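*Asks:* Attaching a single structure in structure tokens format; questions to follow.
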Amino acid sequence: MKTGAVPKGTLKHIVCCLILLLIFVITITKVDARNESDLTTDATDTSDVVPLRPQLRDNLLQLQILNVEESEYKFYDTPRIIEKNIEYYITENESALTFFSKAFGFDIEFVKEDLRTRAETIGELEPTNIGSLVNKNSELKTFENIEYGIVEYFYDLSRRHPEKINKKVVPYSGDSDYVEKLIIYYTGIYSNVDTSIALSIGAAESGYYKVKYMLKRNNVYGGMSNSGLIHHENIEIGVLKYVRLLSKNYFGKGLTTVNSIGRIYCPRTNEYGQKIASPHWINLVNTAKNKYNNYNYEITIEDIINY
């Protein structure tokens, strides 16, 4: 057997493979040249450039954000501008407006429409005076707080539109706790009134808010007229008038102690002909103060409504 010689069949296979390889190289070279020419044309003719699809662009941007350290980014909320017009104040004070509408006997929708009309007529708003009340110089009044302004608005509304008032009388038959909460809430509005003194005087006058014939008249402070004990339409109005009376006629005039208030509220003449506060009355009030000095004085309109 001969060694070292290449079989004829194998040699033919090798030659065929070389020819095919040569054809493949020539073909690839031509394609690359054509592609290079196309790319050059595309680079110079910008009208044929196709932009990235929006979704792809967004995804790429998202990937870039994810690759940045979180501490390098600061996020700023765009300030929300709230237009504080009459609708804003009506919405913000919906609870108080509803409560006092019922207390004064007005329909809440009539009240809202009246507030809108007043605001439109005046053309400006004072945050504590959404009822657009003016002084003698036709200037908008300002009040200590917005609920003070709301109460004064309802008194003004009552004078202007008595025909709109539902004068139904509702004798009070509830417990003393609700009456005490009303006093605390109202003294928060009329803040010149000492809450413990207001609670104590009312307790001294009405047997700690339990004397039935007074409660039936919605009168817890002993207010009298020529015909006897004053009647009020409901307990909310009766207590409001009591606290408002203390604010305007007593604390507002410098009478801020039990003794100084008593000389007007429950006077007696001593042996020397001098007007003094009734010693018995002072004793009743001071005794009640021992109870109310430790009360929680944080009461909101929501606490009253949800009682």
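Naming works like this for the structure tokens: A, B, ... for the chains as they're shown, residue 1 at the start of each chain, ligands 1 onward in shown order.
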Can you pull out the residues contacting Arg116 of chain A? Cut-off 12 Å, using only C-alpha atoms, and skip same-chain residues under 4 positions away; I want them as a list in words.

*Replies:*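 Listing them by chain and then by number gives Asn85, Ile86, Glu87, Tyr88, Tyr89, Ile90, Glu109, Phe110, Val111, Lys112, Glu120, Thr121, Ile122, Gly123, Glu124, Leu125, Ile130, Gly131 and Ser132 of chain A.
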
*Asks:* I need the chosen residues saved as a PDB file, in the first residue's frame, with N, CA, C and O atoms.

*Replies:*
```
ATOM      1  N   ASN A  85     -62.608  82.348  46.816  1.00  0.00           N
ATOM      2  CA  ASN A  85     -63.802  83.134  46.562  1.00  0.00           C
ATOM      3  C   ASN A  85     -64.909  82.692  47.519  1.00  0.00           C
ATOM      4  O   ASN A  85     -64.681  81.898  48.423  1.00  0.00           O
ATOM      5  N   ILE A  86     -66.108  83.191  47.319  1.00  0.00           N
ATOM      6  CA  ILE A  86     -67.193  82.885  48.254  1.00  0.00           C
ATOM      7  C   ILE A  86     -67.516  81.392  48.257  1.00  0.00           C
ATOM      8  O   ILE A  86     -67.879  80.826  49.297  1.00  0.00           O
ATOM      9  N   GLU A  87     -67.377  80.731  47.119  1.00  0.00           N
ATOM     10  CA  GLU A  87     -67.652  79.293  47.073  1.00  0.00           C
ATOM     11  C   GLU A  87     -66.662  78.524  47.936  1.00  0.00           C
ATOM     12  O   GLU A  87     -67.019  77.540  48.580  1.00  0.00           O
ATOM     13  N   TYR A  88     -65.433  78.989  47.935  1.00  0.00           N
ATOM     14  CA  TYR A  88     -64.407  78.355  48.783  1.00  0.00           C
ATOM     15  C   TYR A  88     -64.813  78.455  50.256  1.00  0.00           C
ATOM     16  O   TYR A  88     -64.759  77.467  50.998  1.00  0.00           O
ATOM     17  N   TYR A  89     -65.219  79.654  50.699  1.00  0.00           N
ATOM     18  CA  TYR A  89     -65.558  79.847  52.105  1.00  0.00           C
ATOM     19  C   TYR A  89     -66.852  79.116  52.482  1.00  0.00           C
ATOM     20  O   TYR A  89     -66.986  78.641  53.615  1.00  0.00           O
ATOM     21  N   ILE A  90     -67.780  79.026  51.561  1.00  0.00           N
ATOM     22  CA  ILE A  90     -69.003  78.267  51.840  1.00  0.00           C
ATOM     23  C   ILE A  90     -68.667  76.792  52.054  1.00  0.00           C
ATOM     24  O   ILE A  90     -69.158  76.155  52.993  1.00  0.00           O
ATOM     25  N   GLU A 109     -80.002  76.466  51.814  1.00  0.00           N
ATOM     26  CA  GLU A 109     -79.829  76.893  50.424  1.00  0.00           C
ATOM     27  C   GLU A 109     -80.115  78.386  50.266  1.00  0.00           C
ATOM     28  O   GLU A 109     -79.461  79.070  49.475  1.00  0.00           O
ATOM     29  N   PHE A 110     -81.087  78.896  51.015  1.00  0.00           N
ATOM     30  CA  PHE A 110     -81.349  80.341  51.006  1.00  0.00           C
ATOM     31  C   PHE A 110     -80.137  81.087  51.557  1.00  0.00           C
ATOM     32  O   PHE A 110     -79.736  82.141  51.030  1.00  0.00           O
ATOM     33  N   VAL A 111     -79.533  80.548  52.605  1.00  0.00           N
ATOM     34  CA  VAL A 111     -78.355  81.176  53.204  1.00  0.00           C
ATOM     35  C   VAL A 111     -77.203  81.237  52.205  1.00  0.00           C
ATOM     36  O   VAL A 111     -76.557  82.286  52.041  1.00  0.00           O
ATOM     37  N   LYS A 112     -76.938  80.130  51.525  1.00  0.00           N
ATOM     38  CA  LYS A 112     -75.836  80.107  50.557  1.00  0.00           C
ATOM     39  C   LYS A 112     -76.051  81.111  49.425  1.00  0.00           C
ATOM     40  O   LYS A 112     -75.118  81.807  49.014  1.00  0.00           O
ATOM     41  N   GLU A 120     -71.102  89.194  45.694  1.00  0.00           N
ATOM     42  CA  GLU A 120     -71.112  89.773  44.357  1.00  0.00           C
ATOM     43  C   GLU A 120     -71.377  91.271  44.423  1.00  0.00           C
ATOM     44  O   GLU A 120     -70.787  92.057  43.668  1.00  0.00           O
ATOM     45  N   THR A 121     -72.246  91.686  45.337  1.00  0.00           N
ATOM     46  CA  THR A 121     -72.586  93.109  45.465  1.00  0.00           C
ATOM     47  C   THR A 121     -71.400  93.913  45.993  1.00  0.00           C
ATOM     48  O   THR A 121     -71.086  94.991  45.480  1.00  0.00           O
ATOM     49  N   ILE A 122     -70.727  93.375  47.016  1.00  0.00           N
ATOM     50  CA  ILE A 122     -69.601  94.080  47.629  1.00  0.00           C
ATOM     51  C   ILE A 122     -68.373  94.031  46.717  1.00  0.00           C
ATOM     52  O   ILE A 122     -67.623  94.992  46.592  1.00  0.00           O
ATOM     53  N   GLY A 123     -68.151  92.880  46.099  1.00  0.00           N
ATOM     54  CA  GLY A 123     -67.032  92.756  45.166  1.00  0.00           C
ATOM     55  C   GLY A 123     -65.703  92.407  45.797  1.00  0.00           C
ATOM     56  O   GLY A 123     -64.689  92.314  45.110  1.00  0.00           O
ATOM     57  N   GLU A 124     -65.673  92.198  47.100  1.00  0.00           N
ATOM     58  CA  GLU A 124     -64.447  91.777  47.773  1.00  0.00           C
ATOM     59  C   GLU A 124     -64.815  90.953  49.006  1.00  0.00           C
ATOM     60  O   GLU A 124     -65.961  90.969  49.451  1.00  0.00           O
ATOM     61  N   LEU A 125     -63.820  90.222  49.536  1.00  0.00           N
ATOM     62  CA  LEU A 125     -64.080  89.341  50.670  1.00  0.00           C
ATOM     63  C   LEU A 125     -63.088  89.583  51.794  1.00  0.00           C
ATOM     64  O   LEU A 125     -61.902  89.810  51.555  1.00  0.00           O
ATOM     65  N   ILE A 130     -67.556  86.465  55.920  1.00  0.00           N
ATOM     66  CA  ILE A 130     -68.080  85.957  54.651  1.00  0.00           C
ATOM     67  C   ILE A 130     -69.520  86.430  54.402  1.00  0.00           C
ATOM     68  O   ILE A 130     -70.040  86.252  53.307  1.00  0.00           O
ATOM     69  N   GLY A 131     -70.124  87.056  55.419  1.00  0.00           N
ATOM     70  CA  GLY A 131     -71.449  87.634  55.241  1.00  0.00           C
ATOM     71  C   GLY A 131     -71.421  89.048  54.706  1.00  0.00           C
ATOM     72  O   GLY A 131     -72.474  89.679  54.545  1.00  0.00           O
ATOM     73  N   SER A 132     -70.200  89.567  54.440  1.00  0.00           N
ATOM     74  CA  SER A 132     -70.021  90.903  53.846  1.00  0.00           C
ATOM     75  C   SER A 132     -70.702  91.997  54.662  1.00  0.00           C
ATOM     76  O   SER A 132     -71.343  92.902  54.106  1.00  0.00           O
TER      77      SER A 132
END
```

*Asks:* Tell me, in Å to one decimal, how far atom CA of Lys210 of chain A is from atom CA of Cys266 of chain A.

*Replies:*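 Between atom CA of Lys210 of chain A and atom CA of Cys266 of chain A the gap works out to 20.2 Å.
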
*Asks:* So that I can see what lies close to segment 167-178 of chain A, please list as a PDB file with N, CA, C and O atoms, in the first residue's frame the residues with an atom at most 10 Å from it, counting only C-alpha atoms and leaving out residues fewer than 2 positions away in the same chain.

*Replies:*
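Listing of result_35.pdb after writing:
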```
ATOM      1  N   PHE A 104     -80.951  79.233  63.719  1.00  0.00           N
ATOM      2  CA  PHE A 104     -81.667  80.494  63.492  1.00  0.00           C
ATOM      3  C   PHE A 104     -82.965  80.294  62.710  1.00  0.00           C
ATOM      4  O   PHE A 104     -83.738  81.231  62.566  1.00  0.00           O
ATOM      5  N   GLY A 105     -83.184  79.100  62.195  1.00  0.00           N
ATOM      6  CA  GLY A 105     -84.433  78.811  61.505  1.00  0.00           C
ATOM      7  C   GLY A 105     -84.436  79.146  60.026  1.00  0.00           C
ATOM      8  O   GLY A 105     -85.498  79.412  59.456  1.00  0.00           O
ATOM      9  N   PHE A 106     -83.261  79.128  59.375  1.00  0.00           N
ATOM     10  CA  PHE A 106     -83.174  79.430  57.945  1.00  0.00           C
ATOM     11  C   PHE A 106     -82.892  78.167  57.135  1.00  0.00           C
ATOM     12  O   PHE A 106     -82.238  77.238  57.618  1.00  0.00           O
ATOM     13  N   PRO A 162     -86.869  88.508  58.327  1.00  0.00           N
ATOM     14  CA  PRO A 162     -87.624  87.796  59.376  1.00  0.00           C
ATOM     15  C   PRO A 162     -88.676  86.855  58.794  1.00  0.00           C
ATOM     16  O   PRO A 162     -89.065  85.873  59.427  1.00  0.00           O
ATOM     17  N   GLU A 163     -89.143  87.160  57.570  1.00  0.00           N
ATOM     18  CA  GLU A 163     -90.172  86.326  56.948  1.00  0.00           C
ATOM     19  C   GLU A 163     -89.638  84.952  56.554  1.00  0.00           C
ATOM     20  O   GLU A 163     -90.420  84.027  56.305  1.00  0.00           O
ATOM     21  N   LYS A 164     -88.325  84.807  56.490  1.00  0.00           N
ATOM     22  CA  LYS A 164     -87.723  83.535  56.091  1.00  0.00           C
ATOM     23  C   LYS A 164     -87.433  82.611  57.276  1.00  0.00           C
ATOM     24  O   LYS A 164     -86.988  81.468  57.097  1.00  0.00           O
ATOM     25  N   ILE A 165     -87.704  83.093  58.475  1.00  0.00           N
ATOM     26  CA  ILE A 165     -87.335  82.327  59.674  1.00  0.00           C
ATOM     27  C   ILE A 165     -88.433  81.321  60.035  1.00  0.00           C
ATOM     28  O   ILE A 165     -89.622  81.676  60.091  1.00  0.00           O
ATOM     29  N   GLU A 180     -73.471  72.029  78.240  1.00  0.00           N
ATOM     30  CA  GLU A 180     -72.117  72.436  78.633  1.00  0.00           C
ATOM     31  C   GLU A 180     -71.201  72.528  77.412  1.00  0.00           C
ATOM     32  O   GLU A 180     -70.392  73.458  77.302  1.00  0.00           O
ATOM     33  N   LYS A 181     -71.327  71.596  76.487  1.00  0.00           N
ATOM     34  CA  LYS A 181     -70.510  71.633  75.263  1.00  0.00           C
ATOM     35  C   LYS A 181     -70.855  72.854  74.403  1.00  0.00           C
ATOM     36  O   LYS A 181     -69.962  73.457  73.787  1.00  0.00           O
ATOM     37  N   LEU A 182     -72.123  73.211  74.352  1.00  0.00           N
ATOM     38  CA  LEU A 182     -72.511  74.417  73.626  1.00  0.00           C
ATOM     39  C   LEU A 182     -71.845  75.654  74.237  1.00  0.00           C
ATOM     40  O   LEU A 182     -71.332  76.520  73.510  1.00  0.00           O
ATOM     41  N   ILE A 183     -71.851  75.757  75.541  1.00  0.00           N
ATOM     42  CA  ILE A 183     -71.230  76.908  76.207  1.00  0.00           C
ATOM     43  C   ILE A 183     -69.733  76.953  75.905  1.00  0.00           C
ATOM     44  O   ILE A 183     -69.168  78.014  75.602  1.00  0.00           O
ATOM     45  N   ILE A 184     -69.084  75.799  75.966  1.00  0.00           N
ATOM     46  CA  ILE A 184     -67.648  75.746  75.674  1.00  0.00           C
ATOM     47  C   ILE A 184     -67.382  76.159  74.228  1.00  0.00           C
ATOM     48  O   ILE A 184     -66.457  76.926  73.944  1.00  0.00           O
ATOM     49  N   ALA A 203     -74.742  77.046  85.491  1.00  0.00           N
ATOM     50  CA  ALA A 203     -75.034  75.952  86.430  1.00  0.00           C
ATOM     51  C   ALA A 203     -75.737  76.467  87.679  1.00  0.00           C
ATOM     52  O   ALA A 203     -76.678  75.836  88.178  1.00  0.00           O
ATOM     53  N   GLY A 207     -79.528  74.923  88.029  1.00  0.00           N
ATOM     54  CA  GLY A 207     -79.352  73.658  88.740  1.00  0.00           C
ATOM     55  C   GLY A 207     -78.500  72.682  87.939  1.00  0.00           C
ATOM     56  O   GLY A 207     -78.879  71.531  87.763  1.00  0.00           O
ATOM     57  N   TYR A 208     -77.359  73.177  87.473  1.00  0.00           N
ATOM     58  CA  TYR A 208     -76.440  72.377  86.651  1.00  0.00           C
ATOM     59  C   TYR A 208     -77.135  71.859  85.393  1.00  0.00           C
ATOM     60  O   TYR A 208     -76.936  70.727  84.989  1.00  0.00           O
ATOM     61  N   TYR A 209     -77.959  72.728  84.818  1.00  0.00           N
ATOM     62  CA  TYR A 209     -78.622  72.468  83.531  1.00  0.00           C
ATOM     63  C   TYR A 209     -79.593  71.282  83.606  1.00  0.00           C
ATOM     64  O   TYR A 209     -79.738  70.524  82.653  1.00  0.00           O
ATOM     65  N   LYS A 210     -80.295  71.222  84.736  1.00  0.00           N
ATOM     66  CA  LYS A 210     -81.237  70.115  84.926  1.00  0.00           C
ATOM     67  C   LYS A 210     -82.637  70.570  85.338  1.00  0.00           C
ATOM     68  O   LYS A 210     -83.542  69.742  85.467  1.00  0.00           O
ATOM     69  N   VAL A 211     -82.832  71.880  85.563  1.00  0.00           N
ATOM     70  CA  VAL A 211     -84.148  72.371  85.952  1.00  0.00           C
ATOM     71  C   VAL A 211     -85.061  72.336  84.727  1.00  0.00           C
ATOM     72  O   VAL A 211     -84.862  73.073  83.760  1.00  0.00           O
ATOM     73  N   LYS A 212     -86.083  71.493  84.770  1.00  0.00           N
ATOM     74  CA  LYS A 212     -86.879  71.211  83.579  1.00  0.00           C
ATOM     75  C   LYS A 212     -87.649  72.405  83.054  1.00  0.00           C
ATOM     76  O   LYS A 212     -87.761  72.601  81.840  1.00  0.00           O
ATOM     77  N   TYR A 213     -88.227  73.208  83.945  1.00  0.00           N
ATOM     78  CA  TYR A 213     -89.042  74.307  83.436  1.00  0.00           C
ATOM     79  C   TYR A 213     -88.184  75.349  82.721  1.00  0.00           C
ATOM     80  O   TYR A 213     -88.660  76.056  81.828  1.00  0.00           O
ATOM     81  N   MET A 214     -86.899  75.443  83.083  1.00  0.00           N
ATOM     82  CA  MET A 214     -85.987  76.340  82.374  1.00  0.00           C
ATOM     83  C   MET A 214     -85.566  75.730  81.040  1.00  0.00           C
ATOM     84  O   MET A 214     -85.498  76.410  80.013  1.00  0.00           O
ATOM     85  N   LEU A 215     -85.291  74.421  81.052  1.00  0.00           N
ATOM     86  CA  LEU A 215     -84.883  73.750  79.822  1.00  0.00           C
ATOM     87  C   LEU A 215     -86.005  73.759  78.781  1.00  0.00           C
ATOM     88  O   LEU A 215     -85.745  73.875  77.584  1.00  0.00           O
ATOM     89  N   LYS A 216     -87.239  73.655  79.231  1.00  0.00           N
ATOM     90  CA  LYS A 216     -88.364  73.691  78.290  1.00  0.00           C
ATOM     91  C   LYS A 216     -88.467  75.033  77.588  1.00  0.00           C
ATOM     92  O   LYS A 216     -89.007  75.122  76.481  1.00  0.00           O
ATOM     93  N   ARG A 217     -87.944  76.044  78.213  1.00  0.00           N
ATOM     94  CA  ARG A 217     -87.929  77.382  77.608  1.00  0.00           C
ATOM     95  C   ARG A 217     -86.582  77.686  76.953  1.00  0.00           C
ATOM     96  O   ARG A 217     -86.338  78.794  76.504  1.00  0.00           O
ATOM     97  N   ASN A 218     -85.710  76.684  76.935  1.00  0.00           N
ATOM     98  CA  ASN A 218     -84.374  76.825  76.336  1.00  0.00           C
ATOM     99  C   ASN A 218     -83.603  77.995  76.935  1.00  0.00           C
ATOM    100  O   ASN A 218     -82.859  78.693  76.254  1.00  0.00           O
ATOM    101  N   ASN A 219     -83.797  78.186  78.224  1.00  0.00           N
ATOM    102  CA  ASN A 219     -83.181  79.293  78.952  1.00  0.00           C
ATOM    103  C   ASN A 219     -82.412  78.716  80.146  1.00  0.00           C
ATOM    104  O   ASN A 219     -83.026  78.250  81.107  1.00  0.00           O
ATOM    105  N   HIS A 231     -88.320  83.009  76.689  1.00  0.00           N
ATOM    106  CA  HIS A 231     -88.370  81.800  75.867  1.00  0.00           C
ATOM    107  C   HIS A 231     -87.430  81.943  74.672  1.00  0.00           C
ATOM    108  O   HIS A 231     -87.342  83.019  74.083  1.00  0.00           O
ATOM    109  N   HIS A 232     -86.782  80.866  74.306  1.00  0.00           N
ATOM    110  CA  HIS A 232     -85.983  80.820  73.078  1.00  0.00           C
ATOM    111  C   HIS A 232     -86.463  79.650  72.226  1.00  0.00           C
ATOM    112  O   HIS A 232     -86.982  78.657  72.738  1.00  0.00           O
ATOM    113  N   GLU A 233     -86.268  79.778  70.919  1.00  0.00           N
ATOM    114  CA  GLU A 233     -86.803  78.780  69.991  1.00  0.00           C
ATOM    115  C   GLU A 233     -86.186  77.395  70.172  1.00  0.00           C
ATOM    116  O   GLU A 233     -86.850  76.375  70.015  1.00  0.00           O
ATOM    117  N   ASN A 234     -84.908  77.346  70.485  1.00  0.00           N
ATOM    118  CA  ASN A 234     -84.219  76.073  70.696  1.00  0.00           C
ATOM    119  C   ASN A 234     -83.053  76.283  71.648  1.00  0.00           C
ATOM    120  O   ASN A 234     -82.670  77.425  71.930  1.00  0.00           O
ATOM    121  N   ILE A 235     -82.471  75.208  72.117  1.00  0.00           N
ATOM    122  CA  ILE A 235     -81.407  75.316  73.112  1.00  0.00           C
ATOM    123  C   ILE A 235     -80.154  75.951  72.521  1.00  0.00           C
ATOM    124  O   ILE A 235     -79.412  76.662  73.212  1.00  0.00           O
ATOM    125  N   GLU A 236     -79.898  75.715  71.224  1.00  0.00           N
ATOM    126  CA  GLU A 236     -78.715  76.287  70.589  1.00  0.00           C
ATOM    127  C   GLU A 236     -78.762  77.814  70.588  1.00  0.00           C
ATOM    128  O   GLU A 236     -77.754  78.474  70.869  1.00  0.00           O
ATOM    129  N   ASP A 303     -67.751  68.421  66.926  1.00  0.00           N
ATOM    130  CA  ASP A 303     -68.128  67.764  68.183  1.00  0.00           C
ATOM    131  C   ASP A 303     -69.589  68.038  68.520  1.00  0.00           C
ATOM    132  O   ASP A 303     -70.295  67.158  69.020  1.00  0.00           O
ATOM    133  N   ILE A 304     -70.029  69.256  68.246  1.00  0.00           N
ATOM    134  CA  ILE A 304     -71.417  69.636  68.529  1.00  0.00           C
ATOM    135  C   ILE A 304     -72.376  68.897  67.598  1.00  0.00           C
ATOM    136  O   ILE A 304     -73.378  68.313  68.031  1.00  0.00           O
ATOM    137  N   TYR A 307     -72.667  65.153  68.330  1.00  0.00           N
ATOM    138  CA  TYR A 307     -73.003  64.732  69.703  1.00  0.00           C
ATOM    139  C   TYR A 307     -74.226  63.814  69.694  1.00  0.00           C
ATOM    140  O   TYR A 307     -75.205  64.069  69.021  1.00  0.00           O
TER     141      TYR A 307
END
```

*Asks:* Write out as a PyMOL selection string each polymer residue whose atoms come within 12 Å of Ile189 of chain A, counting only C-alpha atoms; drop sequence neighbours fewer than 6 positions from it.

*Replies:* chain A and resi 96+128+143-152+182-183+195+240+243-244+247+298-301

*Asks:* I need the residues of segment 100-302 of chain A that end up classed as strand (DSSP E) by DSSP on the backbone, written out as JSON, numbers by chain.

*Replies:* {"A": [224, 225, 228, 229, 267, 268, 269, 275, 276, 277]}

*Asks:* Export N, CA, C and O atoms of the chosen residues as a compact mmCIF listing (two decimals), in the first residue's frame?

*Replies:*
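Final file, result-v1.txt:
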```txt
# COMPACT_ATOMS: atom_id res chain seq x y z
N MET A 224 -84.69 87.18 82.25
CA MET A 224 -86.10 87.52 82.52
C MET A 224 -86.55 88.70 81.66
O MET A 224 -85.77 89.53 81.24
N SER A 225 -87.86 88.72 81.41
CA SER A 225 -88.51 89.85 80.76
C SER A 225 -89.68 90.26 81.64
O SER A 225 -89.91 89.67 82.70
N GLY A 228 -91.86 87.39 82.48
CA GLY A 228 -91.27 86.24 83.16
C GLY A 228 -90.04 85.70 82.44
O GLY A 228 -89.33 86.44 81.75
N LEU A 229 -89.80 84.40 82.60
CA LEU A 229 -88.61 83.77 82.02
C LEU A 229 -88.66 83.85 80.49
O LEU A 229 -89.68 83.50 79.88
N PRO A 267 -77.83 91.37 91.66
CA PRO A 267 -77.47 92.38 92.67
C PRO A 267 -78.30 92.28 93.96
O PRO A 267 -79.42 91.78 93.96
N ARG A 268 -77.70 92.78 95.02
CA ARG A 268 -78.37 92.95 96.31
C ARG A 268 -77.88 94.28 96.91
O ARG A 268 -76.82 94.77 96.56
N THR A 269 -78.68 94.82 97.79
CA THR A 269 -78.27 96.05 98.47
C THR A 269 -77.88 95.70 99.90
O THR A 269 -78.64 95.05 100.64
N LYS A 275 -74.95 98.64 96.30
CA LYS A 275 -75.31 97.49 95.47
C LYS A 275 -74.13 96.54 95.39
O LYS A 275 -73.02 96.93 94.98
N ILE A 276 -74.38 95.30 95.76
CA ILE A 276 -73.34 94.28 95.73
C ILE A 276 -73.88 93.02 95.05
O ILE A 276 -75.09 92.92 94.79
N ALA A 277 -72.99 92.09 94.77
CA ALA A 277 -73.43 90.80 94.25
C ALA A 277 -74.00 89.98 95.39
O ALA A 277 -73.49 90.01 96.52
```

*Asks:* By how many Å are atom CA of Ser196 of chain A and atom CA of Tyr292 of chain A apart?

*Replies:*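 Interatomic distance here is 5.6 Å.
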
*Asks:* Given only C-alpha atoms as the basis, pick out the residue of A:Ser138, A:Ser227, A:Ser200, A:Thr98 nearest to Thr287 of chain A.

*Replies:* A:Ser200

*Asks:* In Å, how far is it from atom CA of Glu139 of chain A to atom CA of Tyr250 of chain A?

*Replies:*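 A separation of 27.2 Å between them.
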
*Asks:* Out of A:Ile282, A:Asn166, A:Leu199, A:Lys248, which residue has the shortest atom-to-atom distance to Ser260 of chain A when counting only C-alpha atoms?

*Replies:*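 Among the listed residues, the smallest separation from Ser260 of chain A belongs to A:Ile282.
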